[in-house]
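K.L.:
Please read through the structure below; I'll follow up with questions.
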Amino acid sequence: MGLTIGVDVGGTKVLGGVVTDSGEVLKTARKDTPREGGKALTQTIADVAKELMQEYTVDSVGVCAAGFVSSDRKTMLATPNIADWNGVNLDYELTSLIGVPVVIENDANAAAWGEVKFGAARGKENVLMITVGTGIGGGIIANGRLHRGAFGIAAEVGHMRVVPDGIKCGCGAYGCFEQYGSGNALVRFAREYAQADSAAGAHLLSLGDGTIQGITGGAITSAAAAGDSLSLKAFSTLGNWLGAGIASLSVVLDPECVVIGGGVIDAGDILLSPIRDGLEKYMPFAGLHPYPQVIPALLGNDAGLVGAADLARV
Ligand SMILES: [Zn+2]
């Protein structure tokens with residue numbers, strides 16, 4: 001049984017781990033993500049991998065990051081949120097630094113693969129994973145295989161248009177799903193509600209610095225858990241949008257389950273219940289077919305590195 005390393009490149013940290021073929025993480029290492037991106041980031045990934053390789057012999061390294069990855073899993077085609085990394089052949093650059101084969105993968109794809117192999121959707125063949133963070137990440141497993149697409153942008157479900165001429169998105173388009181179904185959208189909803197009704201927003205405002213801008217996602221989650229009605233309404237709106245988007249995606253993909261991951265999943269049923277309600281409400285051909293189960297992710301922050309480590313085996 002060979003070991004592999006998975007490395008998850010995030011906005012603030014590069015997290016690596018030695019992973020067994022049953023998905024167990026034996027040891028982790030982390031370093032801050034260098035802001036300048038480019039070669040400094042490539043070197044940081046190599047440093048994290050080499051630190052782990054001092055203790056363990058590994059067959060290969062899988063690296064996942066937010067970006068569009070070439071279908072041969074060698075080149076980072078474009079990274080909108082990482083500086084100076086577009087078109088970098090990471091397979092070549094990293095392999096020459098660490099001496100073992102490297103594959104790269106989109107981070108949301110890697111997380112979806114981790115959840116299907118070892119987490120919430122273990123053993124399932126047709127799965128949609130939606131990662132709800134500052135934006136929305138997507139991963140698709142179709143007939144047991146990760147669906148990569150032709151040009152690296154498969155499963156970028158956060159950028160399907162759900163509102164004609166809606167809010168402008170960071171991708172350049174208008175009305176994208178992630179403008180309505182993300183953690184950032186949750187905060188926007190709560191701020192709008194508190195602005196419109198300061199009495200209803202009093203509790204939430206008291207958790208921050210008292211200003212509308214001081215309302216944070218973490219405060220909304222804890223206020224909702226304590227029964228604050230304005231925060232629950234913000235989650236209900238978020239879940240409704242997510243359920244509507246998942247209903248549309250379900251008629252394309254027909255998944256047996258939809259795994260919801262990302263930071264907001266800490267809210268549990270406060271988020272999952274309105275998603276399930278929204279899914280039922282907006283599902284085309286309602287009543288004529290089974291609905292996918294909506295379930296929470298299991299692997300948390302390790303999903304990306306565990307998935308990347310497993311994808312490096314094949
Ligand atoms: Zn977009």
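Please note that chains go A, B, ... in the order of the structure tokens, that every chain numbers its residues from 1, and that ligands are numbered from 1 in the order shown.
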Skipping near chain neighbours, those fewer than 2 positions away, what residues fall within 10 Å of stretch 240-257 of chain A using only C-alpha atoms, listed as a ChimeraX atom specification?
P.N.:
/A:120-121,124-130,132,136,140-143,157-158,160-162,177-182,185,234-238,259-260,271-286,290-295
K.L.:
Go through the chains and note each residue within 6 Å of ligand 1, using only C-alpha atoms and all ligand atoms, then give the set as a PyMOL selection string.
P.N.:
chain A and resi 159+169-171+173+176
K.L.:
Export N, CA and C atoms of the chosen residues as a PDB file, in the first residue's frame?
P.N.:
ATOM      1  N   HIS A 159     -21.104  29.927 -11.113  1.00  0.00           N
ATOM      2  CA  HIS A 159     -21.189  30.965 -12.141  1.00  0.00           C
ATOM      3  C   HIS A 159     -22.250  30.688 -13.194  1.00  0.00           C
ATOM      4  N   CYS A 169     -20.837  39.790 -10.784  1.00  0.00           N
ATOM      5  CA  CYS A 169     -19.998  38.796 -10.117  1.00  0.00           C
ATOM      6  C   CYS A 169     -18.521  39.081 -10.392  1.00  0.00           C
ATOM      7  N   GLY A 170     -17.643  38.552  -9.540  1.00  0.00           N
ATOM      8  CA  GLY A 170     -16.210  38.686  -9.738  1.00  0.00           C
ATOM      9  C   GLY A 170     -15.727  38.069 -11.042  1.00  0.00           C
ATOM     10  N   CYS A 171     -16.519  37.166 -11.624  1.00  0.00           N
ATOM     11  CA  CYS A 171     -16.124  36.516 -12.882  1.00  0.00           C
ATOM     12  C   CYS A 171     -16.376  37.415 -14.087  1.00  0.00           C
ATOM     13  N   ALA A 173     -19.498  38.252 -15.132  1.00  0.00           N
ATOM     14  CA  ALA A 173     -20.885  38.083 -15.566  1.00  0.00           C
ATOM     15  C   ALA A 173     -21.838  38.668 -14.518  1.00  0.00           C
ATOM     16  N   CYS A 176     -24.835  35.661 -11.208  1.00  0.00           N
ATOM     17  CA  CYS A 176     -24.334  34.294 -10.956  1.00  0.00           C
ATOM     18  C   CYS A 176     -24.905  33.723  -9.652  1.00  0.00           C
TER      19      CYS A 176
END
K.L.:
Please produce, as a tab-separated table, a per-residue contact table for stretch 198-311 of chain A versus stretch 27-32 of chain A (criterion: any atom at most 12 Å away, only C-alpha atoms considered), showing the nearest atom pair and its distance in Å to one decimal, sorted by chain then residue number.
P.N.:
residue	atom	partner	partner_atom	distance
A:Asn301	CA	A:Thr28	CA	11.9
A:Asp302	CA	A:Thr28	CA	9.8
A:Leu305	CA	A:Thr28	CA	9.8
A:Val306	CA	A:Thr28	CA	10.9
K.L.:
For the selection just defined, write its residues with all heavy atoms to a file, as a compact mmCIF listing (two decimals), in the first residue's frame.
P.N.:
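Below you can see out_17.txt, which holds the result:
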# COMPACT_ATOMS: atom_id res chain seq x y z
N ASN A 301 -12.24 20.53 6.62
CA ASN A 301 -11.12 21.19 5.93
C ASN A 301 -10.16 20.22 5.27
O ASN A 301 -9.32 20.64 4.48
CB ASN A 301 -10.34 22.06 6.93
CG ASN A 301 -11.14 23.26 7.37
OD1 ASN A 301 -12.00 23.75 6.62
ND2 ASN A 301 -10.89 23.72 8.58
N ASP A 302 -10.26 18.92 5.61
CA ASP A 302 -9.34 17.95 5.01
C ASP A 302 -9.82 17.42 3.66
O ASP A 302 -9.08 16.71 2.98
CB ASP A 302 -9.16 16.73 5.95
CG ASP A 302 -8.25 17.06 7.11
OD1 ASP A 302 -7.57 18.11 7.06
OD2 ASP A 302 -8.21 16.26 8.06
N LEU A 305 -7.43 18.07 0.58
CA LEU A 305 -6.13 17.38 0.56
C LEU A 305 -6.30 15.86 0.48
O LEU A 305 -5.52 15.17 -0.19
CB LEU A 305 -5.24 17.81 1.73
CG LEU A 305 -5.39 17.22 3.13
CD1 LEU A 305 -4.61 15.93 3.30
CD2 LEU A 305 -4.90 18.23 4.15
N VAL A 306 -7.32 15.33 1.11
CA VAL A 306 -7.57 13.88 1.05
C VAL A 306 -7.97 13.49 -0.39
O VAL A 306 -7.48 12.49 -0.93
CB VAL A 306 -8.69 13.47 2.04
CG1 VAL A 306 -9.17 12.06 1.79
CG2 VAL A 306 -8.17 13.60 3.47
K.L.:
Give me every alpha helix (DSSP H) residue in stretch 209-287 of chain A, going by DSSP on the backbone, as a ChimeraX atom specification.
P.N.:
/A:217-225,229-253,269-282
K.L.:
Next, dump the selected residues to file, keeping only C-alpha atoms, as a CSV table (one decimal), in the first residue's frame.
P.N.:
chain,number,residue,atom,x,y,z
A,217,GLY,CA,-21.1,35.3,8.9
A,218,GLY,CA,-19.9,33.8,12.2
A,219,ALA,CA,-22.3,36.0,14.2
A,220,ILE,CA,-25.2,35.2,11.9
A,221,THR,CA,-24.6,31.4,12.4
A,222,SER,CA,-24.3,31.7,16.2
A,223,ALA,CA,-27.4,34.0,16.4
A,224,ALA,CA,-29.4,31.6,14.2
A,225,ALA,CA,-28.4,28.7,16.5
A,229,SER,CA,-35.4,35.2,13.9
A,230,LEU,CA,-33.6,37.7,11.6
A,231,SER,CA,-30.6,35.4,11.3
A,232,LEU,CA,-32.9,32.4,10.7
A,233,LYS,CA,-34.6,34.4,7.9
A,234,ALA,CA,-31.2,35.1,6.3
A,235,PHE,CA,-30.4,31.3,6.3
A,236,SER,CA,-33.9,30.6,5.0
A,237,THR,CA,-33.3,33.0,2.0
A,238,LEU,CA,-29.9,31.5,1.4
A,239,GLY,CA,-31.2,27.9,1.5
A,240,ASN,CA,-34.1,28.8,-0.8
A,241,TRP,CA,-31.6,30.1,-3.4
A,242,LEU,CA,-29.4,27.0,-3.0
A,243,GLY,CA,-32.3,24.7,-3.3
A,244,ALA,CA,-33.5,26.4,-6.5
A,245,GLY,CA,-30.0,26.1,-8.0
A,246,ILE,CA,-29.7,22.5,-7.0
A,247,ALA,CA,-33.1,21.7,-8.5
A,248,SER,CA,-31.9,23.1,-11.9
A,249,LEU,CA,-28.6,21.2,-11.6
A,250,SER,CA,-30.4,18.0,-10.8
A,251,VAL,CA,-32.2,17.9,-14.1
A,252,VAL,CA,-28.8,18.1,-15.8
A,253,LEU,CA,-26.9,15.7,-13.6
A,269,ASP,CA,-30.2,21.8,9.7
A,270,ILE,CA,-30.6,25.6,9.9
A,271,LEU,CA,-29.2,25.6,6.4
A,272,LEU,CA,-30.0,22.1,5.2
A,273,SER,CA,-33.8,22.3,5.9
A,274,PRO,CA,-34.4,25.4,3.7
A,275,ILE,CA,-32.2,23.9,1.0
A,276,ARG,CA,-34.3,20.7,1.1
A,277,ASP,CA,-37.5,22.8,1.0
A,278,GLY,CA,-36.2,24.9,-1.8
A,279,LEU,CA,-35.2,21.8,-3.8
A,280,GLU,CA,-38.7,20.4,-3.4
A,281,LYS,CA,-40.3,23.7,-4.3
A,282,TYR,CA,-38.4,24.3,-7.5
K.L.:
Using only C-alpha atoms, which protein or nucleic acid residues come within 9 Å of stretch 7-13 of chain A? Drop anything in the same chain fewer than 3 positions from it, and give the result as a CSV table (one decimal) with N, CA, C and O atoms, in the first residue's frame.
P.N.:
chain,number,residue,atom,x,y,z
A,16,GLY,N,-0.8,20.6,3.7
A,16,GLY,CA,-0.4,19.3,3.1
A,16,GLY,C,-0.6,18.2,4.1
A,16,GLY,O,-0.7,18.4,5.3
A,17,GLY,N,-0.8,17.0,3.6
A,17,GLY,CA,-1.0,15.8,4.5
A,17,GLY,C,-0.5,14.5,3.8
A,17,GLY,O,-0.7,14.4,2.6
A,30,ARG,N,1.8,22.7,7.3
A,30,ARG,CA,1.2,23.9,6.7
A,30,ARG,C,2.1,25.1,6.7
A,30,ARG,O,3.0,25.2,7.6
A,31,LYS,N,1.9,25.9,5.7
A,31,LYS,CA,2.7,27.2,5.7
A,31,LYS,C,1.7,28.3,5.2
A,31,LYS,O,0.7,27.9,4.5
A,32,ASP,N,2.0,29.5,5.4
A,32,ASP,CA,1.2,30.6,4.9
A,32,ASP,C,1.3,30.7,3.4
A,32,ASP,O,2.4,30.4,2.8
A,33,THR,N,0.2,31.0,2.8
A,33,THR,CA,0.2,31.2,1.3
A,33,THR,C,0.9,32.5,1.0
A,33,THR,O,0.5,33.6,1.5
A,34,PRO,N,2.0,32.5,0.2
A,34,PRO,CA,2.7,33.8,-0.1
A,34,PRO,C,1.8,34.6,-1.0
A,34,PRO,O,1.3,34.1,-2.0
A,35,ARG,N,1.6,35.9,-0.7
A,35,ARG,CA,0.7,36.7,-1.4
A,35,ARG,C,1.1,36.9,-2.9
A,35,ARG,O,0.3,37.2,-3.7
A,41,LEU,N,4.9,30.7,-4.5
A,41,LEU,CA,3.8,29.7,-4.1
A,41,LEU,C,4.2,28.3,-4.5
A,41,LEU,O,4.1,27.4,-3.7
A,45,ILE,N,4.7,25.1,-1.8
A,45,ILE,CA,4.1,23.8,-2.0
A,45,ILE,C,5.1,22.7,-1.9
A,45,ILE,O,5.0,21.7,-1.2
A,48,VAL,N,6.3,22.3,1.7
A,48,VAL,CA,5.3,21.5,2.6
A,48,VAL,C,5.5,20.1,2.2
A,48,VAL,O,5.5,19.2,3.1
A,49,ALA,N,5.5,19.7,0.9
A,49,ALA,CA,5.7,18.3,0.6
A,49,ALA,C,7.0,17.7,1.1
A,49,ALA,O,7.0,16.6,1.6
A,61,VAL,N,2.3,13.1,-5.5
A,61,VAL,CA,1.7,14.3,-4.7
A,61,VAL,C,0.6,14.8,-5.6
A,61,VAL,O,0.7,15.0,-6.8
A,62,GLY,N,-0.5,15.0,-4.9
A,62,GLY,CA,-1.7,15.7,-5.6
A,62,GLY,C,-1.8,17.1,-5.0
A,62,GLY,O,-1.8,17.3,-3.8
A,63,VAL,N,-2.0,18.1,-5.9
A,63,VAL,CA,-2.1,19.5,-5.4
A,63,VAL,C,-3.4,20.0,-5.9
A,63,VAL,O,-3.8,19.8,-7.1
A,64,CYS,N,-4.2,20.6,-5.0
A,64,CYS,CA,-5.4,21.2,-5.5
A,64,CYS,C,-5.5,22.7,-5.1
A,64,CYS,O,-4.9,23.1,-4.1
A,65,ALA,N,-6.1,23.5,-6.0
A,65,ALA,CA,-6.1,25.0,-5.8
A,65,ALA,C,-7.3,25.5,-6.6
A,65,ALA,O,-7.8,24.8,-7.5
A,66,ALA,N,-7.8,26.7,-6.2
A,66,ALA,CA,-8.9,27.3,-6.9
A,66,ALA,C,-8.4,27.8,-8.3
A,66,ALA,O,-7.4,28.6,-8.4
A,81,ASN,N,-7.8,34.0,-8.5
A,81,ASN,CA,-7.6,34.5,-7.2
A,81,ASN,C,-6.1,34.3,-6.7
A,81,ASN,O,-5.8,34.6,-5.5
A,82,ILE,N,-5.3,33.8,-7.6
A,82,ILE,CA,-3.9,33.6,-7.2
A,82,ILE,C,-3.0,34.4,-8.2
A,82,ILE,O,-3.2,34.2,-9.4
A,107,ASP,N,-9.7,22.7,-6.6
A,107,ASP,CA,-9.9,22.4,-5.2
A,107,ASP,C,-11.3,21.8,-4.9
A,107,ASP,O,-11.5,20.9,-4.1
A,110,ALA,N,-11.5,18.3,-6.1
A,110,ALA,CA,-10.7,17.4,-5.1
A,110,ALA,C,-11.6,17.1,-3.9
A,110,ALA,O,-11.7,16.0,-3.4
A,302,ASP,N,-10.3,18.9,5.6
A,302,ASP,CA,-9.3,17.9,5.0
A,302,ASP,C,-9.8,17.4,3.7
A,302,ASP,O,-9.1,16.7,3.0
A,303,ALA,N,-11.1,17.7,3.3
A,303,ALA,CA,-11.6,17.1,2.0
A,303,ALA,C,-10.7,17.3,0.8
A,303,ALA,O,-10.5,16.4,0.1
A,304,GLY,N,-10.2,18.6,0.7
A,304,GLY,CA,-9.4,18.9,-0.5
A,304,GLY,C,-8.1,18.1,-0.5
A,304,GLY,O,-7.8,17.5,-1.6
A,305,LEU,N,-7.4,18.1,0.6
A,305,LEU,CA,-6.1,17.4,0.6
A,305,LEU,C,-6.3,15.9,0.5
A,305,LEU,O,-5.5,15.2,-0.2
A,306,VAL,N,-7.3,15.3,1.1
A,306,VAL,CA,-7.6,13.9,1.0
A,306,VAL,C,-8.0,13.5,-0.4
A,306,VAL,O,-7.5,12.5,-0.9
A,308,ALA,N,-7.2,15.2,-3.2
A,308,ALA,CA,-6.1,15.4,-4.1
A,308,ALA,C,-5.1,14.3,-3.9
A,308,ALA,O,-4.5,13.8,-4.9
A,309,ALA,N,-4.9,13.8,-2.6
A,309,ALA,CA,-3.9,12.7,-2.4
A,309,ALA,C,-4.4,11.4,-3.1
A,309,ALA,O,-3.6,10.7,-3.7
K.L.:
Which of these residues is nearest to A:Leu77, using only C-alpha atoms: A:Ala111, A:Val19, A:Ile104, A:Leu186?
P.N.:
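When distances to A:Leu77 are compared using only C-alpha atoms, the smallest one comes from A:Ile104.
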K.L.:
With distances taken over only C-alpha atoms, which of A:Thr4, A:Leu52, A:Ile98, A:Gly152 is nearest to A:Thr75?
P.N.:
A:Gly152
K.L.:
Record the distance separating atom CA of A:Gly139 and atom CA of A:Val69, expressed in Å with one decimal.
P.N.:
13.3 Å
K.L.:
If you run DSSP on the backbone here, which positions in stretch 52-167 of chain A get strand (DSSP E or B)? Please write them as a PyMOL selection string.
P.N.:
chain A and resi 60-65+68-69+75-78+88-89+102-106+127-132+136-142+145-146+161
K.L.:
Put those residues in a file: N, CA and C atoms, as an mmCIF file, in the first residue's frame.
P.N.:
data_model
loop_
_atom_site.group_PDB
_atom_site.id
_atom_site.type_symbol
_atom_site.label_atom_id
_atom_site.label_comp_id
_atom_site.auth_asym_id
_atom_site.auth_seq_id
_atom_site.Cartn_x
_atom_site.Cartn_y
_atom_site.Cartn_z
ATOM 1 N N SER A 60 3.520 9.752 -4.880
ATOM 2 C CA SER A 60 3.149 10.882 -5.720
ATOM 3 C C SER A 60 2.513 11.964 -4.853
ATOM 4 N N VAL A 61 2.335 13.129 -5.465
ATOM 5 C CA VAL A 61 1.748 14.266 -4.749
ATOM 6 C C VAL A 61 0.596 14.835 -5.588
ATOM 7 N N GLY A 62 -0.529 15.046 -4.926
ATOM 8 C CA GLY A 62 -1.659 15.709 -5.581
ATOM 9 C C GLY A 62 -1.816 17.105 -4.994
ATOM 10 N N VAL A 63 -1.964 18.083 -5.860
ATOM 11 C CA VAL A 63 -2.097 19.476 -5.415
ATOM 12 C C VAL A 63 -3.440 20.008 -5.897
ATOM 13 N N CYS A 64 -4.196 20.621 -5.001
ATOM 14 C CA CYS A 64 -5.448 21.236 -5.466
ATOM 15 C C CYS A 64 -5.463 22.715 -5.098
ATOM 16 N N ALA A 65 -6.065 23.505 -5.984
ATOM 17 C CA ALA A 65 -6.141 24.959 -5.791
ATOM 18 C C ALA A 65 -7.340 25.473 -6.567
ATOM 19 N N PHE A 68 -8.577 26.930 -12.967
ATOM 20 C CA PHE A 68 -8.931 26.049 -14.076
ATOM 21 C C PHE A 68 -7.722 25.197 -14.416
ATOM 22 N N VAL A 69 -7.919 23.879 -14.362
ATOM 23 C CA VAL A 69 -6.820 22.931 -14.520
ATOM 24 C C VAL A 69 -6.961 22.238 -15.875
ATOM 25 N N THR A 75 -1.283 21.375 -15.902
ATOM 26 C CA THR A 75 -1.094 22.824 -16.006
ATOM 27 C C THR A 75 -2.234 23.596 -15.356
ATOM 28 N N MET A 76 -1.887 24.624 -14.587
ATOM 29 C CA MET A 76 -2.855 25.556 -14.052
ATOM 30 C C MET A 76 -3.162 26.551 -15.167
ATOM 31 N N LEU A 77 -4.306 26.414 -15.813
ATOM 32 C CA LEU A 77 -4.599 27.271 -16.970
ATOM 33 C C LEU A 77 -4.838 28.713 -16.537
ATOM 34 N N ALA A 78 -5.618 28.880 -15.485
ATOM 35 C CA ALA A 78 -5.913 30.234 -15.005
ATOM 36 C C ALA A 78 -6.319 30.178 -13.543
ATOM 37 N N VAL A 88 0.954 27.979 -15.610
ATOM 38 C CA VAL A 88 2.133 27.329 -15.019
ATOM 39 C C VAL A 88 1.992 25.809 -15.125
ATOM 40 N N ASN A 89 3.029 25.168 -15.681
ATOM 41 C CA ASN A 89 3.049 23.704 -15.724
ATOM 42 C C ASN A 89 3.568 23.210 -14.376
ATOM 43 N N VAL A 102 3.657 14.556 -9.885
ATOM 44 C CA VAL A 102 2.669 15.483 -9.324
ATOM 45 C C VAL A 102 1.471 15.571 -10.254
ATOM 46 N N VAL A 103 0.273 15.567 -9.683
ATOM 47 C CA VAL A 103 -0.912 15.912 -10.472
ATOM 48 C C VAL A 103 -1.614 17.070 -9.768
ATOM 49 N N ILE A 104 -2.321 17.869 -10.552
ATOM 50 C CA ILE A 104 -3.056 18.973 -9.956
ATOM 51 C C ILE A 104 -4.546 18.834 -10.243
ATOM 52 N N GLU A 105 -5.327 19.447 -9.413
ATOM 53 C CA GLU A 105 -6.781 19.350 -9.551
ATOM 54 C C GLU A 105 -7.409 20.621 -9.003
ATOM 55 N N ASN A 106 -8.543 20.965 -9.532
ATOM 56 C CA ASN A 106 -9.333 22.064 -8.972
ATOM 57 C C ASN A 106 -9.726 21.709 -7.531
ATOM 58 N N VAL A 127 -22.887 12.042 -7.957
ATOM 59 C CA VAL A 127 -22.898 12.959 -6.812
ATOM 60 C C VAL A 127 -22.597 14.389 -7.283
ATOM 61 N N LEU A 128 -23.321 15.317 -6.715
ATOM 62 C CA LEU A 128 -22.993 16.734 -6.882
ATOM 63 C C LEU A 128 -22.538 17.250 -5.530
ATOM 64 N N MET A 129 -21.386 17.912 -5.485
ATOM 65 C CA MET A 129 -20.987 18.556 -4.237
ATOM 66 C C MET A 129 -21.004 20.066 -4.443
ATOM 67 N N ILE A 130 -21.596 20.752 -3.496
ATOM 68 C CA ILE A 130 -21.650 22.209 -3.515
ATOM 69 C C ILE A 130 -20.911 22.699 -2.274
ATOM 70 N N THR A 131 -19.836 23.445 -2.478
ATOM 71 C CA THR A 131 -19.088 24.005 -1.357
ATOM 72 C C THR A 131 -19.469 25.474 -1.209
ATOM 73 N N VAL A 132 -20.103 25.774 -0.081
ATOM 74 C CA VAL A 132 -20.604 27.126 0.148
ATOM 75 C C VAL A 132 -19.606 27.870 1.034
ATOM 76 N N ILE A 136 -19.294 29.959 -4.363
ATOM 77 C CA ILE A 136 -19.818 28.592 -4.417
ATOM 78 C C ILE A 136 -18.876 27.766 -5.286
ATOM 79 N N GLY A 137 -18.375 26.661 -4.737
ATOM 80 C CA GLY A 137 -17.574 25.728 -5.521
ATOM 81 C C GLY A 137 -18.432 24.530 -5.875
ATOM 82 N N GLY A 138 -18.103 23.867 -6.969
ATOM 83 C CA GLY A 138 -18.868 22.690 -7.372
ATOM 84 C C GLY A 138 -17.959 21.549 -7.752
ATOM 85 N N GLY A 139 -18.445 20.326 -7.548
ATOM 86 C CA GLY A 139 -17.735 19.131 -8.003
ATOM 87 C C GLY A 139 -18.756 18.113 -8.451
ATOM 88 N N ILE A 140 -18.463 17.416 -9.541
ATOM 89 C CA ILE A 140 -19.415 16.461 -10.100
ATOM 90 C C ILE A 140 -18.733 15.098 -10.254
ATOM 91 N N ILE A 141 -19.354 14.080 -9.666
ATOM 92 C CA ILE A 141 -18.940 12.701 -9.924
ATOM 93 C C ILE A 141 -20.061 12.078 -10.756
ATOM 94 N N ALA A 142 -19.736 11.650 -11.967
ATOM 95 C CA ALA A 142 -20.737 11.060 -12.856
ATOM 96 C C ALA A 142 -20.315 9.641 -13.194
ATOM 97 N N ARG A 145 -16.948 8.605 -11.873
ATOM 98 C CA ARG A 145 -15.733 9.313 -12.284
ATOM 99 C C ARG A 145 -15.876 10.808 -12.053
ATOM 100 N N LEU A 146 -14.757 11.444 -11.734
ATOM 101 C CA LEU A 146 -14.752 12.894 -11.599
ATOM 102 C C LEU A 146 -14.936 13.506 -12.983
ATOM 103 N N ARG A 161 -25.922 31.436 -14.415
ATOM 104 C CA ARG A 161 -26.750 32.613 -14.176
ATOM 105 C C ARG A 161 -28.096 32.199 -13.598
#
K.L.:
Name the residues in contact with A:Thr216 at a cut-off of 12 Å, using only C-alpha atoms, excluding same-chain residues fewer than 4 positions from it; report them as a CSV table (one decimal) with N, CA, C and O atoms, in the first residue's frame.
P.N.:
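Listing of out17.csv after writing:
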chain,number,residue,atom,x,y,z
A,134,THR,N,-17.0,31.8,0.6
A,134,THR,CA,-17.2,33.1,0.2
A,134,THR,C,-17.9,33.1,-1.2
A,134,THR,O,-18.7,34.0,-1.5
A,183,GLY,N,-21.7,32.2,1.2
A,183,GLY,CA,-21.6,32.8,2.5
A,183,GLY,C,-21.6,34.3,2.5
A,183,GLY,O,-22.2,35.0,3.3
A,184,ASN,N,-21.0,34.9,1.4
A,184,ASN,CA,-21.1,36.4,1.2
A,184,ASN,C,-22.6,36.8,1.0
A,184,ASN,O,-23.0,37.9,1.5
A,185,ALA,N,-23.4,36.0,0.3
A,185,ALA,CA,-24.8,36.4,0.1
A,185,ALA,C,-25.5,36.3,1.5
A,185,ALA,O,-26.4,37.2,1.8
A,186,LEU,N,-25.2,35.3,2.3
A,186,LEU,CA,-25.8,35.2,3.6
A,186,LEU,C,-25.6,36.5,4.4
A,186,LEU,O,-26.6,37.1,5.0
A,187,VAL,N,-24.4,37.0,4.4
A,187,VAL,CA,-24.1,38.2,5.1
A,187,VAL,C,-24.9,39.4,4.5
A,187,VAL,O,-25.4,40.3,5.3
A,188,ARG,N,-24.9,39.5,3.2
A,188,ARG,CA,-25.7,40.6,2.5
A,188,ARG,C,-27.1,40.5,2.9
A,188,ARG,O,-27.7,41.6,3.3
A,189,PHE,N,-27.7,39.3,2.9
A,189,PHE,CA,-29.2,39.2,3.3
A,189,PHE,C,-29.4,39.8,4.7
A,189,PHE,O,-30.3,40.5,5.0
A,190,ALA,N,-28.5,39.3,5.7
A,190,ALA,CA,-28.7,39.7,7.1
A,190,ALA,C,-28.5,41.2,7.2
A,190,ALA,O,-29.3,41.9,8.0
A,191,ARG,N,-27.5,41.8,6.5
A,191,ARG,CA,-27.3,43.2,6.6
A,191,ARG,C,-28.5,44.0,6.0
A,191,ARG,O,-29.0,45.0,6.6
A,204,LEU,N,-28.4,40.8,16.5
A,204,LEU,CA,-27.3,40.5,15.6
A,204,LEU,C,-26.3,41.7,15.6
A,204,LEU,O,-25.1,41.5,15.7
A,205,LEU,N,-26.8,42.9,15.6
A,205,LEU,CA,-25.9,44.1,15.7
A,205,LEU,C,-25.1,44.1,17.0
A,205,LEU,O,-23.9,44.5,17.0
A,206,SER,N,-25.7,43.6,18.1
A,206,SER,CA,-25.0,43.6,19.4
A,206,SER,C,-23.8,42.6,19.4
A,206,SER,O,-23.0,42.7,20.2
A,207,LEU,N,-23.8,41.7,18.5
A,207,LEU,CA,-22.7,40.7,18.4
A,207,LEU,C,-21.5,41.2,17.8
A,207,LEU,O,-20.4,40.7,17.9
A,208,GLY,N,-21.7,42.3,17.0
A,208,GLY,CA,-20.5,43.0,16.4
A,208,GLY,C,-20.2,44.3,17.0
A,208,GLY,O,-20.4,44.5,18.2
A,209,ASP,N,-19.8,45.3,16.1
A,209,ASP,CA,-19.5,46.6,16.6
A,209,ASP,C,-20.7,47.5,16.6
A,209,ASP,O,-20.6,48.7,16.8
A,210,GLY,N,-21.9,47.0,16.3
A,210,GLY,CA,-23.1,47.8,16.3
A,210,GLY,C,-23.4,48.4,15.0
A,210,GLY,O,-24.5,49.0,14.9
A,211,THR,N,-22.5,48.2,14.0
A,211,THR,CA,-22.8,48.8,12.7
A,211,THR,C,-23.3,47.7,11.8
A,211,THR,O,-23.1,46.5,12.0
A,212,ILE,N,-24.0,48.1,10.7
A,212,ILE,CA,-24.5,47.1,9.7
A,212,ILE,C,-23.3,46.4,9.1
A,212,ILE,O,-23.3,45.1,8.9
A,220,ILE,N,-23.9,35.6,12.4
A,220,ILE,CA,-25.2,35.2,11.9
A,220,ILE,C,-25.5,33.7,12.3
A,220,ILE,O,-26.6,33.3,12.7
A,221,THR,N,-24.4,32.9,12.1
A,221,THR,CA,-24.6,31.4,12.4
A,221,THR,C,-24.8,31.2,13.9
A,221,THR,O,-25.8,30.5,14.3
A,222,SER,N,-24.1,31.9,14.8
A,222,SER,CA,-24.3,31.7,16.2
A,222,SER,C,-25.7,32.3,16.6
A,222,SER,O,-26.4,31.7,17.5
A,223,ALA,N,-26.1,33.4,16.0
A,223,ALA,CA,-27.4,34.0,16.4
A,223,ALA,C,-28.5,33.1,15.9
A,223,ALA,O,-29.5,32.9,16.6
A,231,SER,N,-31.7,36.2,11.8
A,231,SER,CA,-30.6,35.4,11.3
A,231,SER,C,-31.2,34.1,10.6
A,231,SER,O,-30.7,33.7,9.6
A,264,VAL,N,-20.3,27.4,6.0
A,264,VAL,CA,-21.7,27.6,6.5
A,264,VAL,C,-22.4,26.3,7.0
A,264,VAL,O,-23.4,26.3,7.6
K.L.:
Considering only C-alpha atoms, state which residue in the set A:Ala112, A:Leu90, A:Lys39, A:Tyr174 is at the smallest distance from A:His147.
P.N.:
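The shortest atom-to-atom distance to A:His147 comes from A:Ala112.
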K.L.:
Please measure the separation of atom CA of A:His289 and atom CA of A:Ile265, giving the value in Å to one decimal.
P.N.:
27.0 Å
K.L.:
Have a look at atom CA of A:Ala83 and atom CA of A:Gly67 and let me know their distance in Å, one decimal.
P.N.:
11.3 Å
K.L.:
Quick one: residues within 6 Å of A:Gly175, only C-alpha atoms counted, chain neighbours fewer than 3 positions away excluded, as a PyMOL selection string?
P.N.:
chain A and resi 161-167
K.L.:
With C-alpha atoms retained, export the selected residues as a PDB file, in the first residue's frame.
P.N.:
ATOM      1  CA  ARG A 161     -26.750  32.613 -14.176  1.00  0.00           C
ATOM      2  CA  VAL A 162     -29.752  32.478 -11.870  1.00  0.00           C
ATOM      3  CA  VAL A 163     -30.910  36.112 -12.119  1.00  0.00           C
ATOM      4  CA  PRO A 164     -31.037  37.869 -15.516  1.00  0.00           C
ATOM      5  CA  ASP A 165     -28.997  41.075 -15.232  1.00  0.00           C
ATOM      6  CA  GLY A 166     -28.539  40.443 -11.505  1.00  0.00           C
ATOM      7  CA  ILE A 167     -25.659  41.418  -9.230  1.00  0.00           C
TER       8      ILE A 167
END
